[in-house]
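Undergrad: Enclosed is the structure file data_12.cif (mmCIF, C-alpha atoms).
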data_target
#
loop_
_atom_site.label_atom_id
_atom_site.label_comp_id
_atom_site.auth_asym_id
_atom_site.auth_seq_id
_atom_site.Cartn_x
_atom_site.Cartn_y
_atom_site.Cartn_z
CA MET A 42 16.79 41.15 -35.23
CA SER A 43 18.84 38.26 -33.82
CA THR A 44 19.71 35.17 -35.84
CA ALA A 45 17.59 32.97 -33.55
CA THR A 46 14.60 35.23 -34.07
CA ALA A 47 15.08 35.18 -37.82
CA LEU A 48 15.37 31.41 -38.02
CA PHE A 49 12.52 30.66 -35.58
CA PRO A 50 9.99 33.50 -35.73
CA LEU A 51 7.55 33.46 -32.82
CA PRO A 52 3.84 33.23 -33.68
CA HIS A 53 1.83 36.38 -33.25
CA ALA A 54 0.70 36.83 -29.62
CA SER A 55 -2.99 36.75 -30.54
CA GLU A 56 -2.50 33.45 -32.41
CA SER A 57 -0.77 31.92 -29.36
CA ASP A 58 -3.61 33.12 -27.18
CA ARG A 59 -6.13 31.55 -29.53
CA LEU A 60 -4.28 28.22 -29.47
CA GLY A 61 -4.07 28.36 -25.68
CA ASP A 62 -7.79 29.06 -25.36
CA GLU A 63 -8.61 26.19 -27.71
CA ILE A 64 -6.43 23.80 -25.67
CA ALA A 65 -8.15 24.89 -22.45
CA ARG A 66 -11.62 24.56 -24.03
CA LEU A 67 -10.97 21.10 -25.40
CA SER A 68 -9.41 20.00 -22.09
CA ALA A 69 -12.56 21.09 -20.24
CA GLU A 70 -14.68 19.16 -22.75
CA VAL A 71 -12.52 16.07 -22.20
CA ASP A 72 -13.02 16.42 -18.43
CA VAL A 73 -16.80 16.77 -18.86
CA ALA A 74 -16.82 13.66 -21.04
CA THR A 75 -14.64 11.83 -18.49
CA ALA A 76 -17.08 12.76 -15.72
CA ARG A 77 -19.93 11.32 -17.79
CA LEU A 78 -17.82 8.21 -18.48
CA LEU A 79 -17.20 7.66 -14.76
CA THR A 80 -20.91 8.04 -14.00
CA LEU A 81 -21.66 5.33 -16.57
CA ILE A 82 -18.89 3.11 -15.15
CA ARG A 83 -20.37 3.46 -11.65
CA GLU A 84 -23.86 2.54 -12.89
CA PHE A 85 -22.47 -0.37 -14.93
CA ASP A 86 -20.50 -1.57 -11.90
CA ASP A 87 -23.54 -1.27 -9.60
CA ARG A 88 -25.59 -3.37 -12.05
CA ARG A 89 -22.67 -5.85 -12.28
CA GLY A 90 -22.91 -5.58 -16.05
CA TRP A 91 -19.40 -7.01 -16.27
CA ASN A 92 -20.45 -10.28 -14.58
CA ASN A 93 -20.56 -12.28 -17.81
CA GLY A 94 -17.23 -14.07 -17.60
CA PHE A 95 -15.15 -11.23 -16.10
CA ARG A 96 -13.98 -11.00 -12.48
CA SER A 97 -14.47 -7.27 -12.03
CA CYS A 98 -15.52 -4.07 -13.74
CA ALA A 99 -11.82 -3.19 -14.19
CA ASP A 100 -11.16 -6.47 -16.02
CA TRP A 101 -14.12 -5.79 -18.31
CA LEU A 102 -12.90 -2.24 -19.02
CA ALA A 103 -9.43 -3.50 -19.86
CA TRP A 104 -10.99 -5.91 -22.38
CA ARG A 105 -13.80 -3.78 -23.80
CA VAL A 106 -12.16 -0.34 -23.88
CA GLY A 107 -8.50 -1.34 -24.16
CA LEU A 108 -7.38 0.36 -20.95
CA ASP A 109 -4.33 -0.73 -19.03
CA LEU A 110 -5.59 -2.81 -16.10
CA GLY A 111 -4.10 -0.40 -13.55
CA ALA A 112 -5.76 2.58 -15.23
CA ALA A 113 -9.04 0.66 -15.39
CA ARG A 114 -8.92 -0.08 -11.67
CA GLU A 115 -8.20 3.58 -10.93
CA LYS A 116 -11.19 4.72 -13.00
CA VAL A 117 -13.47 2.28 -11.16
CA ARG A 118 -12.10 3.51 -7.81
CA VAL A 119 -12.69 7.18 -8.70
CA ALA A 120 -16.15 6.40 -10.11
CA ARG A 121 -17.18 4.65 -6.89
CA ALA A 122 -15.77 7.44 -4.71
CA LEU A 123 -17.62 10.17 -6.62
CA GLY A 124 -20.89 8.39 -5.88
CA SER A 125 -20.65 9.62 -2.27
CA LEU A 126 -19.08 13.02 -3.09
CA PRO A 127 -21.82 15.01 -4.88
CA ARG A 128 -20.10 18.42 -4.76
CA LEU A 129 -16.90 17.12 -6.33
CA ALA A 130 -18.91 15.14 -8.88
CA LEU A 131 -20.92 18.23 -9.90
CA ALA A 132 -17.80 20.40 -10.29
CA PHE A 133 -16.23 17.65 -12.38
CA GLU A 134 -19.33 17.35 -14.58
CA ARG A 135 -19.23 21.12 -15.21
CA GLY A 136 -15.57 20.97 -16.31
CA GLU A 137 -14.44 23.00 -13.29
CA LEU A 138 -11.99 20.29 -12.13
CA SER A 139 -9.59 18.15 -14.14
CA TYR A 140 -9.52 14.39 -13.85
CA ALA A 141 -6.02 14.64 -12.32
CA LYS A 142 -7.40 16.81 -9.51
CA VAL A 143 -10.45 14.62 -8.95
CA ARG A 144 -8.33 11.47 -8.87
CA ALA A 145 -6.14 12.98 -6.13
CA LEU A 146 -9.06 14.39 -4.14
CA THR A 147 -11.03 11.13 -4.08
CA ARG A 148 -8.19 9.37 -2.26
CA THR A 149 -8.82 11.55 0.80
CA ALA A 150 -12.18 13.34 0.52
CA THR A 151 -15.18 12.34 2.61
CA PRO A 152 -18.71 13.82 2.61
CA ASP A 153 -17.61 15.94 5.60
CA THR A 154 -14.44 17.30 3.97
CA GLU A 155 -15.31 17.56 0.28
CA SER A 156 -16.48 21.20 0.46
CA ARG A 157 -13.18 22.31 2.00
CA LEU A 158 -11.16 20.28 -0.49
CA LEU A 159 -13.21 21.59 -3.41
CA ALA A 160 -12.47 25.18 -2.41
CA MET A 161 -8.75 24.37 -2.31
CA ALA A 162 -8.87 22.53 -5.64
CA ARG A 163 -10.37 25.52 -7.49
CA THR A 164 -7.22 27.59 -6.89
CA ALA A 165 -4.46 24.95 -6.84
CA THR A 166 -2.71 22.86 -9.45
CA ALA A 167 -2.93 19.06 -9.42
CA PHE A 168 0.67 18.91 -8.16
CA GLN A 169 -0.08 21.35 -5.33
CA ILE A 170 -3.16 19.30 -4.38
CA GLU A 171 -1.11 16.10 -4.21
CA ARG A 172 1.43 17.78 -1.92
CA ALA A 173 -1.26 19.31 0.31
CA LEU A 174 -3.11 16.01 0.65
CA ARG A 175 0.07 14.13 1.59
CA ALA A 176 0.71 16.72 4.31
CA TRP A 177 -2.92 16.52 5.43
CA ARG A 178 -2.81 12.73 5.67
CA ALA A 179 0.37 12.99 7.71
CA GLU A 180 -1.44 15.25 10.21
CA ASP A 181 -4.76 13.37 10.17
CA PRO A 182 -4.41 9.92 11.77
CA ASP A 183 -8.06 9.08 11.04
CA SER A 184 -7.47 9.61 7.30
CA ASP A 185 -4.36 7.45 7.51
CA ARG A 186 -6.25 4.68 9.27
CA ARG A 187 -9.09 4.79 6.74
CA GLN A 188 -6.66 4.58 3.83
CA THR A 189 -4.67 1.75 5.44
CA ARG A 190 -7.86 -0.17 6.24
CA GLY A 191 -9.13 0.36 2.69
CA ARG A 192 -5.92 -1.01 1.21
CA HIS A 193 -6.05 -4.04 3.48
CA GLU A 194 -9.72 -4.75 2.72
CA SER A 195 -9.16 -4.48 -1.04
CA ARG A 196 -6.46 -7.17 -1.03
CA ALA A 197 -7.26 -10.05 -3.37
CA ILE A 198 -5.60 -12.82 -5.35
CA HIS A 199 -7.47 -14.55 -8.16
CA VAL A 200 -6.26 -17.93 -9.44
CA HIS A 201 -7.95 -19.99 -12.11
CA GLN A 202 -7.08 -22.47 -14.84
CA ASP A 203 -7.81 -21.69 -18.48
CA GLU A 204 -8.89 -24.13 -21.19
CA SER A 205 -5.27 -24.95 -22.06
CA GLY A 206 -4.45 -25.95 -18.49
CA MET A 207 -2.36 -22.85 -17.74
CA VAL A 208 -2.96 -21.34 -14.30
CA LEU A 209 -3.65 -17.58 -14.38
CA VAL A 210 -2.81 -15.45 -11.33
CA HIS A 211 -3.57 -11.78 -10.77
CA GLY A 212 -4.41 -9.65 -7.79
CA ARG A 213 -3.45 -6.79 -5.48
CA LEU A 214 -1.60 -6.75 -2.16
CA ASP A 215 -1.38 -4.10 0.53
CA PRO A 216 1.99 -2.28 0.67
CA GLU A 217 3.31 -4.36 3.59
CA THR A 218 2.47 -7.73 2.06
CA GLY A 219 3.52 -6.57 -1.39
CA SER A 220 6.92 -5.51 -0.08
CA VAL A 221 7.47 -8.92 1.51
CA PHE A 222 6.30 -10.64 -1.67
CA MET A 223 8.62 -8.64 -3.92
CA ARG A 224 11.60 -9.24 -1.63
CA ALA A 225 10.83 -12.96 -1.65
CA LEU A 226 10.61 -12.99 -5.45
CA GLU A 227 13.93 -11.16 -5.71
CA ALA A 228 15.57 -13.68 -3.36
CA ALA A 229 14.15 -16.61 -5.36
CA GLN A 230 15.29 -15.05 -8.64
CA ASP A 231 18.81 -14.64 -7.22
CA ALA A 232 18.83 -18.29 -6.13
CA LEU A 233 17.70 -19.43 -9.58
CA TYR A 234 20.32 -17.21 -11.25
CA ARG A 235 23.08 -18.85 -9.18
CA ARG A 236 21.77 -22.27 -10.20
CA HIS A 237 21.77 -21.16 -13.84
CA GLN A 238 25.37 -19.96 -13.58
CA GLN A 239 26.50 -23.25 -12.03
CA ALA A 240 24.73 -25.22 -14.77
CA SER A 241 26.42 -23.10 -17.43
CA ARG A 242 29.90 -23.84 -16.06
CA GLY A 243 29.45 -27.60 -16.23
CA SER A 244 27.85 -27.74 -19.67
CA LEU A 245 29.37 -27.54 -23.15
CA VAL A 246 26.15 -25.94 -24.39
CA ALA A 247 24.97 -22.98 -22.38
CA PRO A 248 21.31 -23.36 -21.29
CA SER A 249 18.89 -20.86 -22.79
CA VAL A 250 18.34 -17.72 -20.73
CA PRO A 251 14.67 -17.26 -19.71
CA THR A 252 12.97 -13.90 -20.10
CA TYR A 253 12.26 -11.73 -17.05
CA PRO A 254 8.56 -12.78 -16.87
CA GLN A 255 9.67 -16.41 -17.14
CA ARG A 256 12.21 -15.90 -14.34
CA THR A 257 9.48 -14.36 -12.19
CA ALA A 258 7.20 -17.35 -12.84
CA ASP A 259 10.05 -19.73 -11.94
CA ALA A 260 10.74 -17.73 -8.78
CA LEU A 261 7.09 -17.99 -7.73
CA ALA A 262 7.24 -21.77 -8.26
CA LEU A 263 10.38 -21.95 -6.10
CA LEU A 264 8.65 -19.98 -3.34
CA ALA A 265 5.68 -22.37 -3.39
CA GLU A 266 7.91 -25.46 -3.28
CA THR A 267 10.02 -24.01 -0.47
CA ALA A 268 6.95 -23.08 1.58
CA LEU A 269 5.54 -26.61 1.27
CA ASN A 270 8.90 -28.19 2.10
CA GLN A 271 9.26 -25.97 5.17
CA GLY A 272 5.77 -26.75 6.46
CA LEU A 273 4.56 -23.18 5.72
CA ASP A 274 6.55 -21.87 8.68
CA PRO A 275 7.12 -18.13 8.10
CA GLY A 276 9.63 -17.83 10.95
CA THR A 277 9.64 -14.87 13.31
CA GLY A 278 9.00 -11.27 12.41
CA GLY A 279 12.53 -10.23 13.33
CA GLU A 280 13.88 -12.60 10.67
CA ARG A 281 11.50 -11.36 7.97
CA TYR A 282 11.46 -7.59 8.37
CA GLN A 283 14.00 -4.84 8.43
CA VAL A 284 12.33 -1.50 9.09
CA VAL A 285 14.12 1.61 7.86
CA LEU A 286 12.82 4.68 9.69
CA HIS A 287 13.24 7.81 7.54
CA VAL A 288 13.42 10.93 9.74
CA TYR A 289 12.70 14.10 7.72
CA SER A 290 12.57 17.75 8.67
CA SER A 291 9.07 19.17 9.09
CA GLN A 292 9.35 20.86 5.69
CA THR A 293 10.05 17.67 3.74
CA LEU A 294 7.30 15.50 2.30
CA LEU A 295 7.77 11.76 2.18
CA GLU A 296 7.54 10.33 -1.34
CA GLY A 297 6.40 6.80 -2.19
CA THR A 298 3.82 4.62 -0.49
CA HIS A 299 2.61 6.12 2.76
CA VAL A 300 1.47 3.88 5.59
CA SER A 301 -0.24 4.95 8.78
CA ALA A 302 1.58 5.47 12.06
CA GLU A 303 -0.22 2.41 13.44
CA THR A 304 1.07 0.22 10.60
CA SER A 305 4.59 1.58 11.06
CA GLU A 306 4.45 0.77 14.76
CA ARG A 307 3.20 -2.76 14.09
CA LEU A 308 5.97 -3.50 11.61
CA SER A 309 8.63 -2.08 13.92
CA CYS A 310 7.33 -4.01 16.95
CA ASP A 311 9.28 -7.09 15.92
CA ALA A 312 11.97 -6.36 13.36
CA SER A 313 15.50 -5.17 12.86
CA ARG A 314 15.62 -1.42 12.35
CA THR A 315 17.83 1.27 10.90
CA VAL A 316 17.24 5.01 11.39
CA MET A 317 18.02 7.20 8.36
CA ARG A 318 18.00 10.97 8.95
CA HIS A 319 17.45 13.48 6.11
CA ASP A 320 18.07 17.22 5.90
CA ALA A 321 15.52 19.77 4.67
CA ASP A 322 16.37 18.93 1.05
CA GLY A 323 15.83 15.20 1.58
CA HIS A 324 19.53 14.28 1.53
CA VAL A 325 20.67 11.52 3.89
CA ILE A 326 22.87 12.97 6.64
CA GLU A 327 23.05 10.09 9.13
CA VAL A 328 22.43 6.34 9.10
CA SER A 329 22.37 4.43 12.39
CA ALA A 330 23.71 0.94 12.89
CA ARG A 331 21.21 -1.87 12.36
CA SER A 332 19.72 -3.10 15.63
CA ARG A 333 17.20 -5.74 16.65
CA THR A 334 13.97 -4.49 18.19
CA VAL A 335 13.74 -7.69 20.25
CA PRO A 336 17.18 -9.24 20.90
CA PRO A 337 17.52 -13.01 20.21
CA ALA A 338 17.89 -14.01 23.88
CA LEU A 339 14.78 -12.06 24.86
CA ARG A 340 12.88 -13.53 21.90
CA ARG A 341 13.74 -17.06 23.09
CA ALA A 342 12.45 -16.24 26.58
CA LEU A 343 9.25 -14.77 25.10
CA LEU A 344 8.64 -17.84 22.92
CA HIS A 345 9.24 -20.12 25.90
CA ARG A 346 6.78 -18.15 28.06
CA ASP A 347 3.90 -17.53 25.60
CA GLN A 348 4.46 -20.23 22.93
CA VAL A 349 1.35 -19.20 20.92
CA CYS A 350 -0.74 -16.11 20.12
CA ARG A 351 -2.13 -14.92 23.46
CA PHE A 352 -5.27 -13.26 22.05
CA PRO A 353 -8.31 -14.96 23.64
CA GLY A 354 -9.46 -17.98 21.66
CA CYS A 355 -6.57 -17.92 19.16
CA GLY A 356 -3.56 -20.12 19.92
CA ARG A 357 -1.89 -19.83 16.47
CA ARG A 358 1.77 -20.81 16.52
CA PHE A 359 3.02 -18.45 13.77
CA VAL A 360 3.55 -15.36 15.92
CA GLN A 361 5.18 -11.96 16.21
CA ALA A 362 6.42 -10.09 19.26
CA HIS A 363 4.22 -7.15 20.28
CA HIS A 364 5.22 -4.29 22.57
CA ILE A 365 2.25 -3.69 24.89
CA ARG A 366 3.50 -0.12 25.21
CA HIS A 367 5.35 0.58 21.98
CA TRP A 368 9.03 1.42 22.22
CA ALA A 369 8.41 4.59 20.17
CA HIS A 370 6.26 5.84 23.08
CA GLY A 371 8.79 4.97 25.75
CA GLY A 372 7.84 1.34 26.28
CA PRO A 373 10.82 -0.79 27.35
CA THR A 374 11.86 -3.89 25.41
CA ILE A 375 11.60 -6.22 28.40
CA LEU A 376 9.70 -9.45 28.89
CA PRO A 377 6.79 -7.97 30.92
CA ASN A 378 6.14 -5.43 28.11
CA LEU A 379 6.07 -8.08 25.37
CA VAL A 380 3.43 -10.56 24.24
CA LEU A 381 3.14 -12.95 21.30
CA LEU A 382 0.39 -12.28 18.75
CA CYS A 383 -0.40 -13.85 15.40
CA ARG A 384 -0.31 -11.56 12.38
CA PHE A 385 -4.12 -11.17 12.30
CA HIS A 386 -4.41 -10.12 15.95
CA HIS A 387 -1.26 -7.99 15.76
CA ARG A 388 -3.01 -5.96 13.04
CA ALA A 389 -6.22 -5.87 15.11
CA VAL A 390 -4.38 -4.34 18.06
CA HIS A 391 -2.47 -1.71 16.06
CA GLU A 392 -4.89 -0.75 13.28
CA ASP A 393 -8.35 -1.76 14.49
CA GLY A 394 -8.36 -0.27 17.99
CA TYR A 395 -8.12 -3.39 20.17
CA ARG A 396 -6.01 -2.94 23.29
CA ILE A 397 -3.86 -5.07 25.57
CA GLU A 398 -2.98 -4.20 29.16
CA ARG A 399 -0.94 -6.12 31.70
CA GLU A 400 -2.12 -5.91 35.29
CA GLN A 401 0.27 -5.72 38.23
CA GLY A 402 0.09 -9.44 38.85
CA GLY A 403 1.11 -10.11 35.23
CA THR A 404 -2.37 -11.04 33.95
CA LEU A 405 -3.09 -9.88 30.40
CA VAL A 406 -6.32 -7.95 29.78
CA PHE A 407 -7.72 -7.71 26.24
CA LEU A 408 -10.19 -4.94 25.35
CA ARG A 409 -12.39 -4.33 22.33
CA PRO A 410 -12.25 -0.95 20.54
CA ASP A 411 -15.28 0.17 22.60
CA GLY A 412 -13.44 -0.69 25.84
CA GLU A 413 -15.40 -3.88 26.57
CA LEU A 414 -13.41 -6.68 28.14
CA ILE A 415 -12.70 -9.79 26.03
CA PRO A 416 -12.70 -12.78 28.41
CA GLU A 417 -10.17 -15.57 28.01
CA ALA A 418 -13.08 -17.98 27.52
CA PRO A 419 -16.82 -17.36 27.13
CA GLY A 420 -18.68 -17.53 30.43
#
Could you write out this file's structure as structure tokens?
TA:
Amino acid sequence: MSTATALFPLPHASESDRLGDEIARLSAEVDVATARLLTLIREFDDRRGWNNGFRSCADWLAWRVGLDLGAAREKVRVARALGSLPRLALAFERGELSYAKVRALTRTATPDTESRLLAMARTATAFQIERALRAWRAEDPDSDRRQTRGRHESRAIHVHQDESGMVLVHGRLDPETGSVFMRALEAAQDALYRRHQQASRGSLVAPSVPTYPQRTADALALLAETALNQGLDPGTGGERYQVVLHVYSSQTLLEGTHVSAETSERLSCDASRTVMRHDADGHVIEVSARSRTVPPALRRALLHRDQVCRFPGCGRRFVQAHHIRHWAHGGPTILPNLVLLCRFHHRAVHEDGYRIEREQGGTLVFLRPDGELIPEAPG
């Protein structure tokens, strides 16, 4: 007998089996109870039982049950999704699926696909399901569009003042807006840090260092002041966005937040871009030089020609350059292939199915998703 075996004797195999069976049994009971919990949450949410001073069912859960707000929102999301997925809900209620599997499946499943996904889930681990669903979303543009539209529609910011006069802010942003917001906060925090350093050099007593949440609050205040001082002018898209295109081999799955092809094309319509190529293991093997999608001289010509959003009836002055035929599909970056659109209508064209065509004489034609013509002015 080895020394290691003598010092740390292994439990008898049958005892290990018994412990394993007990763990599996209790885990199934927890999943059954969780399924029941989500059913109650869905009914409570439908009855708006939380509408007694709380903004949402998730806020009420965070208060009443002590859940983290993010976890509470996720439970409400899964509960709502299961309401239209009876097969998944039944398997969950019977303890045949874990909450981890159900949570992953409800991000993608529809009444038409739940049977197929349920069959896969019975024989796969939660990790394998996550990987398979990411690959499926990458190959299913309709799923991508639904998920992107759902994120956009669920955006919300809540602001109110409490009894002490403090202003409370909380909400959720879609990945695109959230990325811009976080970059802006970082830039404001850097600016405030430089101011703090300058104040420290000229003072005999070093000013107190604020905490990170305090610095974030100060950064948000600086953003608001700057926006008001600048007349709320967001500038052009090329100044705001740098799009990094990650090119992976077909065997590599993209980690992180996934956006649809349509969203990627919209963001890269009017931005600076860098192409980053990865090998089969995900390692970076090539990084291209940064380039402007729409060069400055061409942008000036476009602004001079269009001046405002060209979508019928709009006329907003805060605009982005749109490739009528996207450069990723062979469209040239030339003036006849470009048009100015506001952010709202840029999203409508890329994600919501609206189309723009330019006739031979240069006239722009705008079409609804069903192909119906949108006239420049009502007849």
Undergrad: What's around Arg121 (chain A) at 10 Å? Count all atoms listed in the file, leave out sequence neighbours fewer than 4 positions away in its own chain, and write the answer as an NGL selection string.
TA: :A and (79-80 or 82-84 or 86-87 or 115-117 or 125-126 or 147)
Undergrad: Find the residues near His391 (chain A): any atom within 10 Å, counting only C-alpha atoms, skip ones fewer than 5 places away on the same chain, and give them as a PyMOL selection string.
TA: chain A and resi 302-308+363+386+396
Undergrad: Give, as JSON, the centre coordinates and the x, y and z edge lengths in Å to one decimal for an axis-aligned box around all listed atoms of region 370-374 of chain A, padded by 8 Å on each side.
TA:
{"center_x": 9.1, "center_y": 1.0, "center_z": 25.2, "size_x": 21.6, "size_y": 25.7, "size_z": 20.3}
Undergrad: In the coordinates of the file, take the point (-3.6, 12.0, -12.7) and a cut-off of 12 Å; then, counting only C-alpha atoms, name each qualifying protein, DNA or RNA residue as a list in words.
TA: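 Those residues, ordered by chain and then number, are Asp72, Ala112, Glu115, Lys116, Val119, Leu138, Ser139, Tyr140, Ala141, Lys142, Val143, Arg144, Ala145, Leu146, Thr147, Arg148, Thr166, Ala167, Phe168, Ile170 and Glu171 of chain A.
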Undergrad: Once the PyMOL selection byres ((chain A and resi 205-222) around 10) is applied to the coordinates I shared, what remains selected? I want it as a ChimeraX atom specification.
TA: /A:189-204,223-228,261,264,281-282,298-300,304-305,308
Undergrad: Once you have the residues from the selection above, write them out as a short mmCIF file (atom, residue, chain, number, x, y, z; two decimals), keeping the file's coordinate frame, restricted to C-alpha atoms.
TA:
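Once written, again20.cif looks like this:
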data_model
loop_
_atom_site.label_atom_id
_atom_site.label_comp_id
_atom_site.auth_asym_id
_atom_site.auth_seq_id
_atom_site.Cartn_x
_atom_site.Cartn_y
_atom_site.Cartn_z
CA THR A 189 -4.67 1.75 5.44
CA ARG A 190 -7.86 -0.17 6.24
CA GLY A 191 -9.13 0.36 2.69
CA ARG A 192 -5.92 -1.01 1.21
CA HIS A 193 -6.05 -4.04 3.48
CA GLU A 194 -9.72 -4.75 2.72
CA SER A 195 -9.16 -4.48 -1.04
CA ARG A 196 -6.46 -7.17 -1.03
CA ALA A 197 -7.26 -10.05 -3.37
CA ILE A 198 -5.60 -12.82 -5.35
CA HIS A 199 -7.47 -14.55 -8.16
CA VAL A 200 -6.26 -17.93 -9.44
CA HIS A 201 -7.95 -19.99 -12.11
CA GLN A 202 -7.08 -22.47 -14.84
CA ASP A 203 -7.81 -21.69 -18.48
CA GLU A 204 -8.89 -24.13 -21.19
CA MET A 223 8.62 -8.64 -3.92
CA ARG A 224 11.60 -9.24 -1.63
CA ALA A 225 10.83 -12.96 -1.65
CA LEU A 226 10.61 -12.99 -5.45
CA GLU A 227 13.93 -11.16 -5.71
CA ALA A 228 15.57 -13.68 -3.36
CA LEU A 261 7.09 -17.99 -7.73
CA LEU A 264 8.65 -19.98 -3.34
CA ARG A 281 11.50 -11.36 7.97
CA TYR A 282 11.46 -7.59 8.37
CA THR A 298 3.82 4.62 -0.49
CA HIS A 299 2.61 6.12 2.76
CA VAL A 300 1.47 3.88 5.59
CA THR A 304 1.07 0.22 10.60
CA SER A 305 4.59 1.58 11.06
CA LEU A 308 5.97 -3.50 11.61
#
Undergrad: Between A:Val73, A:Pro353, A:His370, A:Leu376, which has the minimum distance to Pro336 (chain A) (counting only C-alpha atoms)?
TA: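 With only C-alpha atoms as the atom set, the closest residue is A:Leu376.
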Undergrad: Could you state the separation of CA of Tyr395 (chain A) and CA of Leu344 (chain A) in Å, given to one decimal place?
TA: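 Pair CA of Tyr395 (chain A) / CA of Leu344 (chain A) returns 22.3 Å.
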Undergrad: Under the rule that only C-alpha atoms are counted, which of A:Ser309, A:Gly90, A:Arg409, A:Thr149 is the nearest residue to Ala369 (chain A)?
TA: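 That would be A:Ser309, the residue with the smallest distance to Ala369 (chain A).
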Undergrad: Measure the distance from CA of Asp153 (chain A) to CA of Arg89 (chain A) in Å and round it to one decimal.
TA: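 Taking CA of Asp153 (chain A) as the start and CA of Arg89 (chain A) as the end point, the length is 28.6 Å.
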Undergrad: Quote the spacing between CA of Ala130 (chain A) and CA of Arg172 (chain A) in Å to one decimal place.
TA: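 Taking CA of Ala130 (chain A) as the start and CA of Arg172 (chain A) as the end point, the length is 21.7 Å.
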Undergrad: Identify which of the residues A:Val335, A:Leu408, A:Leu129, A:Cys350 lies closest to Gly394 (chain A), counting all atoms listed in the file when measuring atom-to-atom distances.
TA: A:Leu408
